[in-house]
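K.L.:
Dropping in start-v4.pdb, with PDB, C-alpha atoms, pLDDT in the B column.
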```pdb
ATOM      1  CA  MET A   1     -28.157 -24.762  -2.658  1.00 78.00           C
ATOM      2  CA  CYS A   2     -28.917 -21.100  -2.135  1.00 81.00           C
ATOM      3  CA  VAL A   3     -32.464 -19.860  -2.817  1.00 86.00           C
ATOM      4  CA  CYS A   4     -34.275 -16.570  -2.344  1.00 89.00           C
ATOM      5  CA  CYS A   5     -36.424 -16.945   0.736  1.00 89.00           C
ATOM      6  CA  GLY A   6     -38.593 -14.561   2.731  1.00 91.00           C
ATOM      7  CA  HIS A   7     -41.193 -16.738   4.417  1.00 89.00           C
ATOM      8  CA  VAL A   8     -41.112 -19.655   6.870  1.00 91.00           C
ATOM      9  CA  ARG A   9     -44.037 -21.372   8.600  1.00 92.00           C
ATOM     10  CA  LEU A  10     -43.672 -23.340  11.827  1.00 92.00           C
ATOM     11  CA  LEU A  11     -46.175 -25.522  13.628  1.00 92.00           C
ATOM     12  CA  LEU A  12     -45.362 -25.515  17.328  1.00 90.00           C
ATOM     13  CA  TRP A  13     -46.674 -28.419  19.389  1.00 89.00           C
ATOM     14  CA  ASP A  14     -49.187 -27.009  21.867  1.00 84.00           C
ATOM     15  CA  CYS A  15     -51.703 -29.737  22.676  1.00 87.00           C
ATOM     16  CA  ASP A  16     -51.425 -28.963  26.388  1.00 89.00           C
ATOM     17  CA  GLY A  17     -51.540 -25.164  26.241  1.00 88.00           C
ATOM     18  CA  ARG A  18     -47.791 -24.557  26.371  1.00 91.00           C
ATOM     19  CA  CYS A  19     -46.203 -21.491  24.778  1.00 95.00           C
ATOM     20  CA  TYR A  20     -42.775 -20.960  23.250  1.00 93.00           C
ATOM     21  CA  SER A  21     -40.344 -18.151  22.534  1.00 95.00           C
ATOM     22  CA  TYR A  22     -37.804 -18.428  19.719  1.00 95.00           C
ATOM     23  CA  TYR A  23     -35.734 -16.686  17.088  1.00 95.00           C
ATOM     24  CA  VAL A  24     -34.865 -17.488  13.479  1.00 95.00           C
ATOM     25  CA  ASP A  25     -31.477 -16.910  11.848  1.00 95.00           C
ATOM     26  CA  VAL A  26     -30.448 -17.448   8.214  1.00 95.00           C
ATOM     27  CA  SER A  27     -27.048 -18.027   6.624  1.00 96.00           C
ATOM     28  CA  ASN A  28     -25.346 -19.029   3.402  1.00 94.00           C
ATOM     29  CA  ASN A  29     -22.233 -20.560   4.979  1.00 95.00           C
ATOM     30  CA  GLN A  30     -23.080 -21.505   8.621  1.00 95.00           C
ATOM     31  CA  GLN A  31     -20.439 -19.005   9.809  1.00 96.00           C
ATOM     32  CA  HIS A  32     -22.209 -15.672   9.396  1.00 96.00           C
ATOM     33  CA  TRP A  33     -25.812 -15.638  10.596  1.00 97.00           C
ATOM     34  CA  SER A  34     -28.452 -12.911  10.298  1.00 96.00           C
ATOM     35  CA  ARG A  35     -31.371 -12.768  12.699  1.00 97.00           C
ATOM     36  CA  VAL A  36     -34.553 -12.379  10.644  1.00 95.00           C
ATOM     37  CA  VAL A  37     -37.137 -12.903  13.390  1.00 95.00           C
ATOM     38  CA  ASN A  38     -36.978 -12.377  17.141  1.00 97.00           C
ATOM     39  CA  LYS A  39     -39.924 -13.776  19.116  1.00 96.00           C
ATOM     40  CA  THR A  40     -38.014 -14.101  22.389  1.00 96.00           C
ATOM     41  CA  SER A  41     -40.355 -11.711  24.226  1.00 97.00           C
ATOM     42  CA  GLU A  42     -43.587 -13.285  22.952  1.00 96.00           C
ATOM     43  CA  ALA A  43     -45.694 -16.275  23.968  1.00 95.00           C
ATOM     44  CA  CYS A  44     -46.118 -18.203  20.701  1.00 95.00           C
ATOM     45  CA  ARG A  45     -48.393 -21.175  19.979  1.00 94.00           C
ATOM     46  CA  SER A  46     -49.597 -23.267  17.063  1.00 94.00           C
ATOM     47  CA  TRP A  47     -48.850 -22.084  13.486  1.00 93.00           C
ATOM     48  CA  GLN A  48     -46.292 -19.300  13.203  1.00 94.00           C
ATOM     49  CA  THR A  49     -45.847 -17.326   9.993  1.00 93.00           C
ATOM     50  CA  VAL A  50     -42.377 -15.829   9.873  1.00 89.00           C
ATOM     51  CA  VAL A  51     -41.993 -13.157   7.193  1.00 92.00           C
ATOM     52  CA  PHE A  52     -38.734 -11.338   6.496  1.00 92.00           C
ATOM     53  CA  ASP A  53     -37.024  -9.485   3.660  1.00 93.00           C
ATOM     54  CA  ARG A  54     -36.379 -11.833   0.735  1.00 92.00           C
ATOM     55  CA  GLN A  55     -32.726 -12.789   0.604  1.00 92.00           C
ATOM     56  CA  PRO A  56     -30.456 -15.614  -0.563  1.00 92.00           C
ATOM     57  CA  VAL A  57     -30.607 -18.392   2.062  1.00 93.00           C
ATOM     58  CA  THR A  58     -28.929 -21.789   2.322  1.00 94.00           C
ATOM     59  CA  PHE A  59     -29.426 -22.542   6.040  1.00 94.00           C
ATOM     60  CA  ILE A  60     -32.220 -21.715   8.475  1.00 93.00           C
ATOM     61  CA  ARG A  61     -31.645 -21.948  12.227  1.00 94.00           C
ATOM     62  CA  ILE A  62     -34.638 -22.000  14.597  1.00 94.00           C
ATOM     63  CA  VAL A  63     -33.676 -21.630  18.263  1.00 94.00           C
ATOM     64  CA  GLY A  64     -36.115 -22.043  21.132  1.00 93.00           C
ATOM     65  CA  THR A  65     -35.465 -19.707  24.057  1.00 95.00           C
ATOM     66  CA  HIS A  66     -38.414 -20.539  26.329  1.00 94.00           C
ATOM     67  CA  ASN A  67     -41.064 -23.224  26.771  1.00 93.00           C
ATOM     68  CA  THR A  68     -43.698 -22.947  29.501  1.00 91.00           C
ATOM     69  CA  ALA A  69     -43.691 -26.758  30.011  1.00 89.00           C
ATOM     70  CA  ASN A  70     -40.014 -27.787  29.740  1.00 89.00           C
ATOM     71  CA  GLU A  71     -36.755 -26.852  27.978  1.00 85.00           C
ATOM     72  CA  VAL A  72     -37.472 -28.173  24.465  1.00 84.00           C
ATOM     73  CA  LEU A  73     -38.757 -26.403  21.336  1.00 83.00           C
ATOM     74  CA  LEU A  74     -41.172 -28.910  19.793  1.00 81.00           C
ATOM     75  CA  THR A  75     -41.906 -28.219  16.141  1.00 84.00           C
ATOM     76  CA  VAL A  76     -44.407 -30.462  14.412  1.00 85.00           C
ATOM     77  CA  ALA A  77     -43.698 -29.048  10.949  1.00 82.00           C
ATOM     78  CA  SER A  78     -41.695 -26.351   9.243  1.00 80.00           C
ATOM     79  CA  LEU A  79     -42.237 -25.053   5.729  1.00 78.00           C
ATOM     80  CA  THR A  80     -39.930 -22.803   3.775  1.00 77.00           C
ATOM     81  CA  LEU A  81     -41.625 -20.953   0.955  1.00 65.00           C
ATOM     82  CA  PHE A  82     -39.573 -19.578  -1.912  1.00 63.00           C
TER
END
```
Please rewrite the model in this file as structure tokens.

P.N.:
Amino acid sequence: MCVCCGHVRLLLWDCDGRCYSYYVDVSNNQQHWSRVVNKTSEACRSWQTVVFDRQPVTFIRIVGTHNTANEVLLTVASLTLF
């Protein structure tokens, strides 16, 4: 199901002070992806509000690129707002 989306919220697990880096891609067919957010050069914690141009979206891909504690992106919650 394709919906118009322009806003995602993520809760990153950070009970021990760790920080993450990540990016978010969107797609309608899982073959062609568009990067809508690039936080690979930032130290991110807790709630993240990801805002991008509204567009038709079927799939959202969240990829962790760095974690100060280990190699895993730990998300507690993710919300997609239409």

K.L.:
Can you list, as a PDB file with C-alpha atoms, in the frame of the given file, the residues that the PyMOL selection byres ((chain A and resi 18) around 7) selects here?

P.N.:
```pdb
ATOM      1  CA  ASP A  14     -49.187 -27.009  21.867  1.00 84.00           C
ATOM      2  CA  ASP A  16     -51.425 -28.963  26.388  1.00 89.00           C
ATOM      3  CA  GLY A  17     -51.540 -25.164  26.241  1.00 88.00           C
ATOM      4  CA  CYS A  19     -46.203 -21.491  24.778  1.00 95.00           C
ATOM      5  CA  TYR A  20     -42.775 -20.960  23.250  1.00 93.00           C
ATOM      6  CA  ASN A  67     -41.064 -23.224  26.771  1.00 93.00           C
ATOM      7  CA  THR A  68     -43.698 -22.947  29.501  1.00 91.00           C
ATOM      8  CA  ALA A  69     -43.691 -26.758  30.011  1.00 89.00           C
TER       9      ALA A  69
END
```

K.L.:
I'd like the interatomic distance between atom CA of A:Thr58 and atom CA of A:Val72, to a tenth of an Å.

P.N.:
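Taking atom CA of A:Thr58 and atom CA of A:Val72, their separation equals 24.6 Å.
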
K.L.:
Enter the distance from atom CA of A:Ile60 to atom CA of A:Ala43, in Å, rounded to one decimal.

P.N.:
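Interatomic distance here is 21.2 Å.
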
K.L.:
Would you please work out which residue, of A:Thr65, A:Ser46, A:Thr80, A:Gln55, is nearest to A:Ser27 when using only C-alpha atoms?

P.N.:
A:Gln55

K.L.:
For A:Val76, list every protein, DNA or RNA residue within 12 Å, evaluated using all atoms listed in the file, and leave out those in the same chain fewer than 2 positions away; present the list as a PDB file with C-alpha atoms, keeping the file's coordinate frame.

P.N.:
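And here is the file that came out, part04.pdb:
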```
ATOM      1  CA  ARG A   9     -44.037 -21.372   8.600  1.00 92.00           C
ATOM      2  CA  LEU A  10     -43.672 -23.340  11.827  1.00 92.00           C
ATOM      3  CA  LEU A  11     -46.175 -25.522  13.628  1.00 92.00           C
ATOM      4  CA  LEU A  12     -45.362 -25.515  17.328  1.00 90.00           C
ATOM      5  CA  TRP A  13     -46.674 -28.419  19.389  1.00 89.00           C
ATOM      6  CA  ASP A  14     -49.187 -27.009  21.867  1.00 84.00           C
ATOM      7  CA  CYS A  15     -51.703 -29.737  22.676  1.00 87.00           C
ATOM      8  CA  ARG A  45     -48.393 -21.175  19.979  1.00 94.00           C
ATOM      9  CA  SER A  46     -49.597 -23.267  17.063  1.00 94.00           C
ATOM     10  CA  TRP A  47     -48.850 -22.084  13.486  1.00 93.00           C
ATOM     11  CA  GLN A  48     -46.292 -19.300  13.203  1.00 94.00           C
ATOM     12  CA  LEU A  73     -38.757 -26.403  21.336  1.00 83.00           C
ATOM     13  CA  LEU A  74     -41.172 -28.910  19.793  1.00 81.00           C
ATOM     14  CA  SER A  78     -41.695 -26.351   9.243  1.00 80.00           C
ATOM     15  CA  LEU A  79     -42.237 -25.053   5.729  1.00 78.00           C
TER      16      LEU A  79
END
```

K.L.:
Counting only C-alpha atoms, what is within 7 Å of A:Ser21, bar same-chain residues fewer than 5 positions away, as a ChimeraX atom specification?

P.N.:
/A:39-44,64-67

K.L.:
Generate the missing atoms of stretch 26-55 of chain A up to N, CA and C atoms and report them as a short mmCIF file (atom, residue, chain, number, x, y, z; two decimals), in the coordinates of the input.

P.N.:
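Saved as selection-v2.cif:
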```
data_model
loop_
_atom_site.label_atom_id
_atom_site.label_comp_id
_atom_site.auth_asym_id
_atom_site.auth_seq_id
_atom_site.Cartn_x
_atom_site.Cartn_y
_atom_site.Cartn_z
N VAL A 26 -30.73 -16.88 9.53
CA VAL A 26 -30.45 -17.45 8.21
C VAL A 26 -28.98 -17.23 7.88
N SER A 27 -28.45 -18.11 7.01
CA SER A 27 -27.05 -18.03 6.62
C SER A 27 -26.86 -18.68 5.26
N ASN A 28 -25.74 -18.36 4.64
CA ASN A 28 -25.35 -19.03 3.40
C ASN A 28 -24.14 -19.93 3.61
N ASN A 29 -23.46 -19.80 4.78
CA ASN A 29 -22.23 -20.56 4.98
C ASN A 29 -22.09 -21.17 6.38
N GLN A 30 -23.07 -21.02 7.23
CA GLN A 30 -23.08 -21.50 8.62
C GLN A 30 -22.01 -20.84 9.49
N GLN A 31 -21.40 -19.76 9.01
CA GLN A 31 -20.44 -19.00 9.81
C GLN A 31 -20.98 -17.63 10.14
N HIS A 32 -21.63 -16.99 9.20
CA HIS A 32 -22.21 -15.67 9.40
C HIS A 32 -23.73 -15.80 9.34
N TRP A 33 -24.37 -15.49 10.47
CA TRP A 33 -25.81 -15.64 10.60
C TRP A 33 -26.47 -14.27 10.73
N SER A 34 -27.66 -14.14 10.16
CA SER A 34 -28.45 -12.91 10.30
C SER A 34 -29.76 -13.26 10.98
N ARG A 35 -30.10 -12.55 12.01
CA ARG A 35 -31.37 -12.77 12.70
C ARG A 35 -32.47 -12.11 11.88
N VAL A 36 -33.46 -12.91 11.46
CA VAL A 36 -34.55 -12.38 10.64
C VAL A 36 -35.85 -12.24 11.43
N VAL A 37 -35.95 -12.98 12.54
CA VAL A 37 -37.14 -12.90 13.39
C VAL A 37 -36.72 -13.10 14.84
N ASN A 38 -37.26 -12.26 15.72
CA ASN A 38 -36.98 -12.38 17.14
C ASN A 38 -38.30 -12.41 17.90
N LYS A 39 -38.69 -13.58 18.34
CA LYS A 39 -39.92 -13.78 19.12
C LYS A 39 -39.59 -14.17 20.55
N THR A 40 -38.45 -13.70 21.06
CA THR A 40 -38.01 -14.10 22.39
C THR A 40 -38.81 -13.44 23.51
N SER A 41 -39.55 -12.39 23.20
CA SER A 41 -40.35 -11.71 24.23
C SER A 41 -41.84 -11.99 24.06
N GLU A 42 -42.18 -12.98 23.23
CA GLU A 42 -43.59 -13.28 22.95
C GLU A 42 -43.92 -14.70 23.38
N ALA A 43 -45.19 -14.93 23.68
CA ALA A 43 -45.69 -16.27 23.97
C ALA A 43 -46.35 -16.80 22.69
N CYS A 44 -45.68 -17.73 22.01
CA CYS A 44 -46.12 -18.20 20.70
C CYS A 44 -46.69 -19.61 20.80
N ARG A 45 -47.74 -19.86 20.01
CA ARG A 45 -48.39 -21.18 19.98
C ARG A 45 -48.80 -21.51 18.56
N SER A 46 -49.01 -22.77 18.30
CA SER A 46 -49.60 -23.27 17.06
C SER A 46 -48.81 -22.82 15.83
N TRP A 47 -49.51 -22.50 14.72
CA TRP A 47 -48.85 -22.08 13.49
C TRP A 47 -48.25 -20.70 13.63
N GLN A 48 -47.01 -20.57 13.22
CA GLN A 48 -46.29 -19.30 13.20
C GLN A 48 -45.93 -18.97 11.76
N THR A 49 -46.25 -17.79 11.31
CA THR A 49 -45.85 -17.33 9.99
C THR A 49 -44.74 -16.31 10.18
N VAL A 50 -43.56 -16.66 9.72
CA VAL A 50 -42.38 -15.83 9.87
C VAL A 50 -42.08 -15.19 8.52
N VAL A 51 -42.22 -13.88 8.44
CA VAL A 51 -41.99 -13.16 7.19
C VAL A 51 -40.81 -12.21 7.39
N PHE A 52 -39.90 -12.21 6.44
CA PHE A 52 -38.73 -11.34 6.50
C PHE A 52 -38.36 -10.91 5.08
N ASP A 53 -37.46 -9.96 4.97
CA ASP A 53 -37.02 -9.48 3.66
C ASP A 53 -36.45 -10.65 2.86
N ARG A 54 -36.90 -10.77 1.59
CA ARG A 54 -36.38 -11.83 0.74
C ARG A 54 -34.87 -11.67 0.58
N GLN A 55 -34.17 -12.80 0.72
CA GLN A 55 -32.73 -12.79 0.60
C GLN A 55 -32.23 -14.18 0.25
#
```
